[in-house]
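Asker: Input file: my_file.tsv. Contents: TSV, C-alpha atoms.
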```tsv
chain	number	residue	atom	x	y	z
F	1	MET	CA	38.11	160.94	-2.85
F	2	PRO	CA	39.67	158.15	-5.00
F	3	ARG	CA	39.58	155.85	-1.98
F	4	LEU	CA	35.95	156.75	-1.25
F	5	ALA	CA	34.98	156.16	-4.88
F	6	ALA	CA	36.73	152.79	-4.86
F	7	ALA	CA	34.98	151.83	-1.65
F	8	LEU	CA	31.59	152.78	-3.06
F	9	ARG	CA	32.26	150.72	-6.19
F	10	GLY	CA	33.17	147.76	-4.01
F	11	LEU	CA	29.99	148.17	-1.99
F	12	ALA	CA	27.98	148.33	-5.19
F	13	VAL	CA	29.34	144.98	-6.39
F	14	ALA	CA	28.90	143.33	-2.99
F	15	ALA	CA	25.40	144.68	-2.49
F	16	ALA	CA	24.29	143.66	-5.96
F	17	ALA	CA	25.50	140.11	-5.33
F	18	LEU	CA	23.85	140.03	-1.91
F	19	MET	CA	20.60	141.38	-3.31
F	20	THR	CA	20.46	138.66	-5.97
F	21	VAL	CA	20.69	135.95	-3.34
F	22	ALA	CA	18.45	137.62	-0.77
F	23	THR	CA	15.53	138.42	-3.03
F	24	LEU	CA	15.04	135.13	-4.85
F	25	PRO	CA	12.14	132.91	-3.80
F	26	SER	CA	13.18	129.68	-2.08
F	27	GLY	CA	14.44	127.20	-4.64
F	28	ALA	CA	14.83	129.76	-7.43
F	29	ALA	CA	18.09	130.15	-9.30
F	30	ALA	CA	19.81	133.45	-9.98
F	31	GLY	CA	20.18	134.35	-13.62
F	32	PRO	CA	19.45	136.84	-16.35
F	33	ALA	CA	15.68	136.54	-15.80
F	34	HIS	CA	16.08	138.33	-12.46
F	35	ARG	CA	17.83	141.45	-13.75
F	36	ALA	CA	16.19	144.86	-13.49
F	37	ALA	CA	13.50	145.68	-16.02
F	38	PRO	CA	14.85	147.83	-18.87
F	39	PRO	CA	13.74	151.47	-18.77
F	40	SER	CA	11.64	151.00	-21.94
F	41	ALA	CA	9.41	148.53	-20.08
F	42	LEU	CA	8.41	151.10	-17.44
F	43	PRO	CA	6.06	154.09	-17.62
F	44	LYS	CA	7.75	157.44	-18.08
F	45	GLY	CA	9.04	158.72	-14.77
F	46	PHE	CA	9.72	155.27	-13.29
F	47	VAL	CA	13.05	153.52	-12.91
F	48	ALA	CA	14.52	150.32	-11.49
F	49	LEU	CA	16.30	151.29	-8.28
F	50	ARG	CA	19.37	149.26	-9.27
F	51	GLU	CA	19.96	151.65	-12.16
F	52	VAL	CA	20.16	154.60	-9.76
F	53	ASP	CA	21.87	152.92	-6.79
F	54	PRO	CA	22.99	149.28	-6.96
F	55	THR	CA	24.39	149.43	-3.41
F	56	ILE	CA	20.93	149.50	-1.78
F	57	ILE	CA	20.03	145.96	-0.70
F	58	GLN	CA	16.78	144.56	-2.04
F	59	GLU	CA	14.87	141.85	-0.16
F	60	MET	CA	11.56	141.98	-1.96
F	61	ARG	CA	9.14	140.06	0.26
F	62	TYR	CA	5.97	139.98	-1.84
F	63	VAL	CA	7.49	137.94	-4.66
F	64	THR	CA	8.09	135.20	-2.05
F	65	PRO	CA	5.69	133.35	0.30
F	66	HIS	CA	7.23	135.04	3.36
F	67	ASN	CA	4.61	137.72	3.87
F	68	PHE	CA	1.32	138.07	5.74
F	69	VAL	CA	-0.61	136.47	2.84
F	70	GLY	CA	1.66	133.41	2.78
F	71	VAL	CA	1.97	133.15	-1.01
F	72	PRO	CA	3.62	135.24	-3.74
F	73	VAL	CA	1.44	138.31	-4.32
F	74	ASP	CA	-0.27	139.11	-7.62
F	75	GLY	CA	1.70	141.49	-9.82
F	76	TYR	CA	5.17	140.67	-8.48
F	77	ARG	CA	6.95	138.82	-11.29
F	78	ARG	CA	10.54	139.69	-10.36
F	79	PRO	CA	12.29	140.57	-7.07
F	80	THR	CA	13.11	144.12	-8.05
F	81	CYS	CA	12.39	147.56	-6.62
F	82	LEU	CA	10.71	150.01	-8.99
F	83	LEU	CA	10.21	153.66	-8.00
F	84	THR	CA	9.57	157.03	-9.52
F	85	ARG	CA	12.89	158.48	-10.63
F	86	ASP	CA	12.58	161.32	-8.10
F	87	ALA	CA	12.11	158.89	-5.21
F	88	ALA	CA	14.99	156.69	-6.39
F	89	ARG	CA	17.36	159.66	-6.61
F	90	ALA	CA	16.35	160.82	-3.14
F	91	LEU	CA	16.92	157.32	-1.77
F	92	HIS	CA	20.38	157.35	-3.36
F	93	ARG	CA	21.20	160.57	-1.51
F	94	ALA	CA	20.14	159.00	1.77
F	95	GLN	CA	22.16	155.87	1.02
F	96	LEU	CA	25.37	157.87	0.58
F	97	SER	CA	25.01	159.24	4.10
F	98	PHE	CA	24.37	155.79	5.58
F	99	LEU	CA	27.30	154.19	3.73
F	100	LYS	CA	29.63	156.62	5.50
F	101	ARG	CA	28.45	155.10	8.79
F	102	GLY	CA	29.01	151.50	7.67
F	103	LEU	CA	25.30	150.97	7.04
F	104	SER	CA	23.10	150.31	4.03
F	105	LEU	CA	19.45	150.79	3.29
F	106	LYS	CA	17.45	147.65	2.52
F	107	VAL	CA	14.07	147.76	0.79
F	108	TYR	CA	11.31	145.20	1.35
F	109	ASP	CA	8.78	146.72	-1.06
F	110	CYS	CA	8.63	149.68	-3.42
F	111	TYR	CA	6.11	150.32	-6.20
F	112	ARG	CA	3.10	148.02	-5.66
F	113	PRO	CA	0.65	147.28	-8.49
F	114	GLN	CA	-3.05	147.84	-7.79
F	115	ARG	CA	-3.60	144.14	-8.53
F	116	ALA	CA	-1.40	143.35	-5.51
F	117	VAL	CA	-3.51	145.63	-3.32
F	118	ASP	CA	-6.61	143.83	-4.64
F	119	HIS	CA	-4.97	140.53	-3.64
F	120	PHE	CA	-4.50	141.85	-0.09
F	121	VAL	CA	-8.17	142.86	0.05
F	122	ARG	CA	-9.37	139.42	-1.10
F	123	TRP	CA	-7.10	137.76	1.47
F	124	ALA	CA	-8.34	139.99	4.29
F	125	LYS	CA	-11.94	139.05	3.50
F	126	ASP	CA	-11.11	135.33	3.60
F	127	LEU	CA	-11.37	134.76	7.35
F	128	GLY	CA	-10.53	131.08	6.93
F	129	ASP	CA	-6.99	131.84	5.74
F	130	GLN	CA	-4.97	132.35	8.92
F	131	ARG	CA	-1.77	130.57	7.86
F	132	MET	CA	0.58	133.48	8.70
F	133	LYS	CA	-1.25	134.88	11.74
F	134	ALA	CA	1.28	133.56	14.28
F	135	GLU	CA	4.00	135.78	12.81
F	136	PHE	CA	2.39	138.86	11.28
F	137	TYR	CA	-0.78	139.57	13.30
F	138	PRO	CA	-0.79	137.42	16.46
F	139	ARG	CA	-2.69	139.95	18.59
F	140	VAL	CA	-5.07	141.26	15.91
F	141	ASP	CA	-8.31	139.54	14.93
F	142	LYS	CA	-8.47	139.26	11.16
F	143	THR	CA	-11.95	140.77	11.18
F	144	ARG	CA	-10.33	144.05	12.33
F	145	LEU	CA	-7.76	144.45	9.56
F	146	PHE	CA	-9.81	146.99	7.58
F	147	ASP	CA	-11.15	148.94	10.55
F	148	ASP	CA	-7.71	149.13	12.16
F	149	GLY	CA	-6.11	150.41	8.95
F	150	TYR	CA	-3.82	147.49	8.19
F	151	ILE	CA	-5.53	146.74	4.86
F	152	ALA	CA	-7.12	149.25	2.47
F	153	ALA	CA	-8.48	149.26	-1.08
F	154	LYS	CA	-5.82	151.76	-2.19
F	155	SER	CA	-2.14	152.08	-1.29
F	156	GLY	CA	0.32	154.93	-1.67
F	157	HIS	CA	2.79	152.32	-2.92
F	158	SER	CA	0.82	152.18	-6.17
F	159	ARG	CA	1.72	155.83	-6.87
F	160	GLY	CA	5.38	154.84	-7.09
F	161	SER	CA	7.07	157.02	-4.47
F	162	THR	CA	6.42	154.96	-1.33
F	163	LEU	CA	8.68	152.20	-0.07
F	164	ASP	CA	9.21	149.90	2.90
F	165	VAL	CA	12.78	150.16	4.13
F	166	THR	CA	15.18	149.37	6.94
F	167	LEU	CA	18.89	149.59	7.78
F	168	VAL	CA	21.55	146.86	7.65
F	169	ARG	CA	25.04	146.94	9.10
F	170	LEU	CA	27.80	146.22	6.56
F	171	PRO	CA	29.14	143.78	5.58
F	172	ALA	CA	25.66	142.24	5.39
F	173	VAL	CA	24.88	138.55	5.63
F	174	PRO	CA	21.82	137.58	3.53
F	175	THR	CA	18.60	136.81	5.39
F	176	ARG	CA	18.01	133.07	5.22
F	177	PRO	CA	15.16	131.86	3.00
F	178	TYR	CA	11.77	131.27	4.59
F	179	VAL	CA	10.61	127.66	4.39
F	180	PRO	CA	6.83	127.45	3.87
F	181	GLY	CA	5.23	125.60	6.75
F	182	GLU	CA	8.04	126.26	9.21
F	183	PRO	CA	7.03	127.23	12.78
F	184	LEU	CA	6.15	130.91	13.03
F	185	THR	CA	7.06	133.28	15.86
F	186	PRO	CA	5.49	136.67	16.72
F	187	CYS	CA	6.86	139.65	14.79
F	188	TYR	CA	6.88	141.74	17.98
F	189	GLY	CA	8.88	139.27	20.09
F	190	PRO	CA	12.52	139.62	21.16
F	191	ARG	CA	14.95	139.80	18.26
F	192	ALA	CA	16.39	136.36	19.00
F	193	GLY	CA	12.92	134.83	18.77
F	194	ARG	CA	11.70	136.56	15.60
F	195	PHE	CA	12.30	135.34	12.07
F	196	PRO	CA	15.98	136.16	11.42
F	197	ASP	CA	16.61	139.35	9.49
F	198	ASN	CA	19.90	141.10	8.80
F	199	SER	CA	18.23	144.43	9.62
F	200	LEU	CA	19.22	146.47	12.65
F	201	ASP	CA	16.87	145.64	15.52
F	202	MET	CA	13.87	147.93	15.04
F	203	GLY	CA	11.76	146.35	17.79
F	204	THR	CA	9.50	144.38	15.42
F	205	GLY	CA	9.83	142.60	12.13
F	206	PHE	CA	8.67	144.07	8.83
F	207	ASP	CA	4.90	144.11	8.17
F	208	CYS	CA	4.10	143.53	11.82
F	209	PHE	CA	0.38	144.26	12.31
F	210	ASP	CA	0.77	145.52	15.86
F	211	THR	CA	0.84	148.87	17.63
F	212	LEU	CA	4.43	148.12	18.68
F	213	ALA	CA	5.34	148.84	15.04
F	214	HIS	CA	4.24	152.47	15.44
F	215	THR	CA	7.42	154.45	14.82
F	216	LEU	CA	7.40	156.31	18.14
F	217	ASP	CA	5.52	153.81	20.30
F	218	PRO	CA	6.62	154.65	23.89
F	219	ARG	CA	7.36	150.99	24.66
F	220	VAL	CA	10.20	151.04	22.14
F	221	ARG	CA	13.33	152.31	23.85
F	222	GLY	CA	17.11	152.06	23.86
F	223	ARG	CA	18.86	150.78	20.77
F	224	GLN	CA	15.62	149.85	19.04
F	225	LEU	CA	14.35	153.43	19.27
F	226	ALA	CA	17.78	154.77	18.29
F	227	HIS	CA	17.73	152.63	15.15
F	228	ARG	CA	14.25	153.82	14.19
F	229	LEU	CA	15.24	157.45	14.67
F	230	LEU	CA	18.46	156.97	12.71
F	231	LEU	CA	16.47	155.65	9.76
F	232	LYS	CA	13.82	158.35	10.13
F	233	LYS	CA	16.20	161.30	10.34
F	234	GLY	CA	18.34	160.07	7.46
F	235	LEU	CA	15.37	159.62	5.16
F	236	GLU	CA	13.69	162.87	6.21
F	237	ARG	CA	16.83	164.79	5.23
F	238	ALA	CA	16.43	163.30	1.74
F	239	GLY	CA	12.78	164.35	1.45
F	240	PHE	CA	10.89	161.32	2.74
F	241	VAL	CA	7.97	161.35	5.18
F	242	ASN	CA	7.29	158.49	7.59
F	243	LEU	CA	3.89	156.88	8.18
F	244	PRO	CA	3.64	157.01	12.02
F	245	GLU	CA	1.92	153.61	12.21
F	246	GLU	CA	4.77	151.76	10.46
F	247	TRP	CA	8.45	152.36	11.23
F	248	TRP	CA	9.43	150.97	7.79
F	249	HIS	CA	7.02	153.01	5.61
F	250	TYR	CA	8.26	156.18	3.84
F	251	THR	CA	6.97	158.37	1.00
F	252	PHE	CA	9.01	160.84	-1.02
F	253	LYS	CA	7.43	164.30	-1.19
F	254	PRO	CA	6.32	165.93	-3.37
F	255	GLU	CA	5.04	162.86	-5.20
F	256	PRO	CA	5.32	163.02	-9.01
F	257	PHE	CA	2.01	161.12	-9.34
F	258	PRO	CA	-0.05	162.07	-6.27
F	259	ASP	CA	-3.39	161.02	-7.76
F	260	THR	CA	-2.46	158.07	-9.98
F	261	TYR	CA	-2.62	154.42	-8.88
F	262	PHE	CA	-0.63	152.33	-11.36
F	263	ASP	CA	-1.18	148.66	-12.11
F	264	PHE	CA	1.71	147.57	-14.33
F	265	PRO	CA	3.47	144.43	-13.00
F	266	VAL	CA	6.83	144.42	-11.26
F	267	GLN	CA	9.14	142.90	-13.85
```
Write the structure described by the file as structure tokens, please.
Answerer:
Amino acid sequence: MPRLAAALRGLAVAAAALMTVATLPSGAAAGPAHRAAPPSALPKGFVALREVDPTIIQEMRYVTPHNFVGVPVDGYRRPTCLLTRDAARALHRAQLSFLKRGLSLKVYDCYRPQRAVDHFVRWAKDLGDQRMKAEFYPRVDKTRLFDDGYIAAKSGHSRGSTLDVTLVRLPAVPTRPYVPGEPLTPCYGPRAGRFPDNSLDMGTGFDCFDTLAHTLDPRVRGRQLAHRLLLKKGLERAGFVNLPEEWWHYTFKPEPFPDTYFDFPVQ
């Protein structure tokens, strides 16, 4: 047990350092301004994930321009994961099981303010803005985003117990920063051709608007399917439920705030 405890402490330090580098927008400097929000700044029942489990890697995409919108999203002021305390504790339990296998969870998004969802809706209605199509929705016409369920006026993320998550093999190398304007490649392409990510190969990149991102799509086989099922089974044991249309999307049940859509900023 002492050796396990020492190992976990070492992973916590390494993961916290990795997270600081991986989650900063391109050109930003690490520093005190990017620490987790103090508990007093959050509504009762919410917590910064780092306070519950600093070993979970955080690569918060919506505070950067590397997302389907192509710019930092409204409401994301810091690259930090906020969750309901119940969801954070459950994620910690899942992380302990993955650490024993030499793996770590990595979150892309957690609590999402309603103002961010509103930003997505405005973007989806702007058919002239196609700057990130080549990576995130190459085979989907933007006029179909609402009808096909990729964009909606409300999101479970705003209730605080939903997150977007993947698995990373340890020791993890940070994902390189996205350079705005760089050539884009399809999110569903072969791993070597997609934007580099330190995640296990799940068959598509994160936020891929494509049916290949459906968790149990029959075209996904071999190691890619094995990785999806490993993530799914580990999180289900901790109380999370997967959204079948997105291999990365999980919600802790029962939700502490099943009918409340929050709008406080991520800071």
Asker: Between F:Leu145, F:Val168, F:Cys110, F:Ala87, which is the closest to Ile57 in chain F once you count only C-alpha atoms?
Answerer: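 Closest candidate: F:Val168.
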Asker: Do you have the CA of Asp53 in chain F-CA of Pro171 in chain F distance handy?
Answerer: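 Answer for the CA of Asp53 in chain F to CA of Pro171 in chain F separation: 17.0 Å.
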Asker: Using all atoms listed in the file, which of F:Gln58, F:Ser158, F:Thr185, F:Asn242 sits nearest Tyr111 in chain F?
Answerer: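 Closest to Tyr111 in chain F, using all atoms listed in the file: F:Ser158.
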Asker: Counting all atoms listed in the file, find residues at most 8 Å from (22.2, 142.8, 5.0) (file frame) and give them as a ChimeraX atom specification.
Answerer: /F:18,57,104,106,168-175,197-199
Asker: Could you check which of F:Phe68, F:Phe195, F:Tyr150, F:Tyr76 is closest to Met132 in chain F, using all atoms listed in the file?
Answerer: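 Closest residue, counting all atoms listed in the file: F:Phe68.
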Asker: From the list F:Pro254, F:Pro186, F:Gly205, F:Pro113, which residue is nearest Arg77 in chain F when using all atoms listed in the file?
Answerer: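 Closest candidate: F:Pro113.
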Asker: Rounded to one decimal in Å, what is the spacing between CA of Ala90 in chain F and CA of Val117 in chain F?
Answerer: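 About the pair CA of Ala90 in chain F and CA of Val117 in chain F: they are 25.0 Å apart.
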Asker: I'd like the contact shell of range 91-103 of chain F - 9 Å cut-off, all atoms listed in the file, skipping same-chain residues fewer than 6 positions apart - returned as an NGL selection string.
Answerer: :F and (8 or 11 or 49 or 52-53 or 55-56 or 167-172 or 231 or 234-240 or 252)
Asker: Excluding Arg131 in chain F and its own-chain neighbours fewer than 6 positions away, which residues fall within 9 Å of it when counting all atoms listed in the file? Please give them as JSON, numbers by chain.
Answerer: {"F": [68, 69, 70, 181]}
Asker: Between CA of Asp164 in chain F and CA of Val241 in chain F, what is the distance in Å, rounded to a tenth?
Answerer: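 Straight-line distance from CA of Asp164 in chain F to CA of Val241 in chain F works out to 11.7 Å.
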Asker: Residues at most 6 Å from range 207-216 of chain F, counting only C-alpha atoms, excluding those fewer than 3 positions away in the same chain, as a PyMOL selection string?
Answerer: chain F and resi 136-137+187+244-247
Asker: Excluding Leu127 in chain F and any residue of its chain fewer than 5 positions from it, enumerate the residues within 10 Å of it, using all atoms listed in the file, and give them as number ranges by chain.
Answerer: F: 122, 141-143
Asker: Using all atoms listed in the file, which residue out of F:His249, F:Arg219, F:Arg50, F:Arg191 lies closest to Arg89 in chain F?
Answerer: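 Residue with the minimum atom-to-atom distance to Arg89 in chain F: F:Arg50.
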Asker: May I ask which of the residues F:Ala226, F:Val107, F:Leu243, F:Val179 is the closest one to Thr166 in chain F, counting all atoms listed in the file?
Answerer: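 So, comparing all the options, the nearest one is F:Val107.
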Asker: Find the spatial neighbours of Pro180 in chain F, counting all atoms listed in the file, within a cut-off of 12 Å - ignore same-chain residues fewer than 3 positions away - and output them as a PDB file with C-alpha atoms, in the frame of the given file.
Answerer:
```
ATOM      1  CA  PRO F  25      12.140 132.910  -3.800  1.00  0.00           C
ATOM      2  CA  SER F  26      13.180 129.680  -2.080  1.00  0.00           C
ATOM      3  CA  GLY F  27      14.440 127.200  -4.640  1.00  0.00           C
ATOM      4  CA  THR F  64       8.090 135.200  -2.050  1.00  0.00           C
ATOM      5  CA  PRO F  65       5.690 133.350   0.300  1.00  0.00           C
ATOM      6  CA  HIS F  66       7.230 135.040   3.360  1.00  0.00           C
ATOM      7  CA  ASN F  67       4.610 137.720   3.870  1.00  0.00           C
ATOM      8  CA  VAL F  69      -0.610 136.470   2.840  1.00  0.00           C
ATOM      9  CA  GLY F  70       1.660 133.410   2.780  1.00  0.00           C
ATOM     10  CA  VAL F  71       1.970 133.150  -1.010  1.00  0.00           C
ATOM     11  CA  PRO F  72       3.620 135.240  -3.740  1.00  0.00           C
ATOM     12  CA  ARG F 131      -1.770 130.570   7.860  1.00  0.00           C
ATOM     13  CA  MET F 132       0.580 133.480   8.700  1.00  0.00           C
ATOM     14  CA  PRO F 177      15.160 131.860   3.000  1.00  0.00           C
ATOM     15  CA  PRO F 183       7.030 127.230  12.780  1.00  0.00           C
ATOM     16  CA  LEU F 184       6.150 130.910  13.030  1.00  0.00           C
TER      17      LEU F 184
END
```
Asker: Missing atoms in range 118-129 of chain F should be modelled up to N, CA, C and O atoms and reported as a short mmCIF file (atom, residue, chain, number, x, y, z; two decimals), in the coordinates of the input.
Answerer:
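Result file follows (result25.cif):
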```
data_model
loop_
_atom_site.label_atom_id
_atom_site.label_comp_id
_atom_site.auth_asym_id
_atom_site.auth_seq_id
_atom_site.Cartn_x
_atom_site.Cartn_y
_atom_site.Cartn_z
N ASP F 118 -5.37 144.60 -4.52
CA ASP F 118 -6.61 143.83 -4.64
C ASP F 118 -6.44 142.43 -4.04
O ASP F 118 -7.38 141.89 -3.43
N HIS F 119 -5.27 141.84 -4.23
CA HIS F 119 -4.97 140.53 -3.64
C HIS F 119 -5.03 140.61 -2.11
O HIS F 119 -5.62 139.75 -1.45
N PHE F 120 -4.45 141.66 -1.54
CA PHE F 120 -4.50 141.85 -0.09
C PHE F 120 -5.95 141.96 0.40
O PHE F 120 -6.30 141.39 1.44
N VAL F 121 -6.78 142.68 -0.35
CA VAL F 121 -8.17 142.86 0.05
C VAL F 121 -8.91 141.53 0.03
O VAL F 121 -9.65 141.20 0.97
N ARG F 122 -8.72 140.73 -1.03
CA ARG F 122 -9.37 139.42 -1.10
C ARG F 122 -8.92 138.54 0.06
O ARG F 122 -9.74 137.84 0.68
N TRP F 123 -7.63 138.57 0.36
CA TRP F 123 -7.10 137.76 1.47
C TRP F 123 -7.71 138.19 2.80
O TRP F 123 -8.09 137.35 3.61
N ALA F 124 -7.81 139.49 3.02
CA ALA F 124 -8.34 139.99 4.29
C ALA F 124 -9.80 139.59 4.48
O ALA F 124 -10.25 139.41 5.63
N LYS F 125 -10.55 139.45 3.40
CA LYS F 125 -11.94 139.05 3.50
C LYS F 125 -12.11 137.55 3.70
O LYS F 125 -13.20 137.10 4.09
N ASP F 126 -11.06 136.79 3.43
CA ASP F 126 -11.11 135.33 3.60
C ASP F 126 -10.70 134.99 5.04
O ASP F 126 -9.53 134.77 5.33
N LEU F 127 -11.67 134.95 5.93
CA LEU F 127 -11.37 134.76 7.35
C LEU F 127 -10.87 133.35 7.66
O LEU F 127 -10.33 133.11 8.74
N GLY F 128 -11.02 132.44 6.71
CA GLY F 128 -10.53 131.08 6.93
C GLY F 128 -9.04 130.93 6.70
O GLY F 128 -8.44 129.93 7.12
N ASP F 129 -8.42 131.91 6.03
CA ASP F 129 -6.99 131.84 5.74
C ASP F 129 -6.23 132.56 6.84
O ASP F 129 -6.11 133.79 6.85
#
```
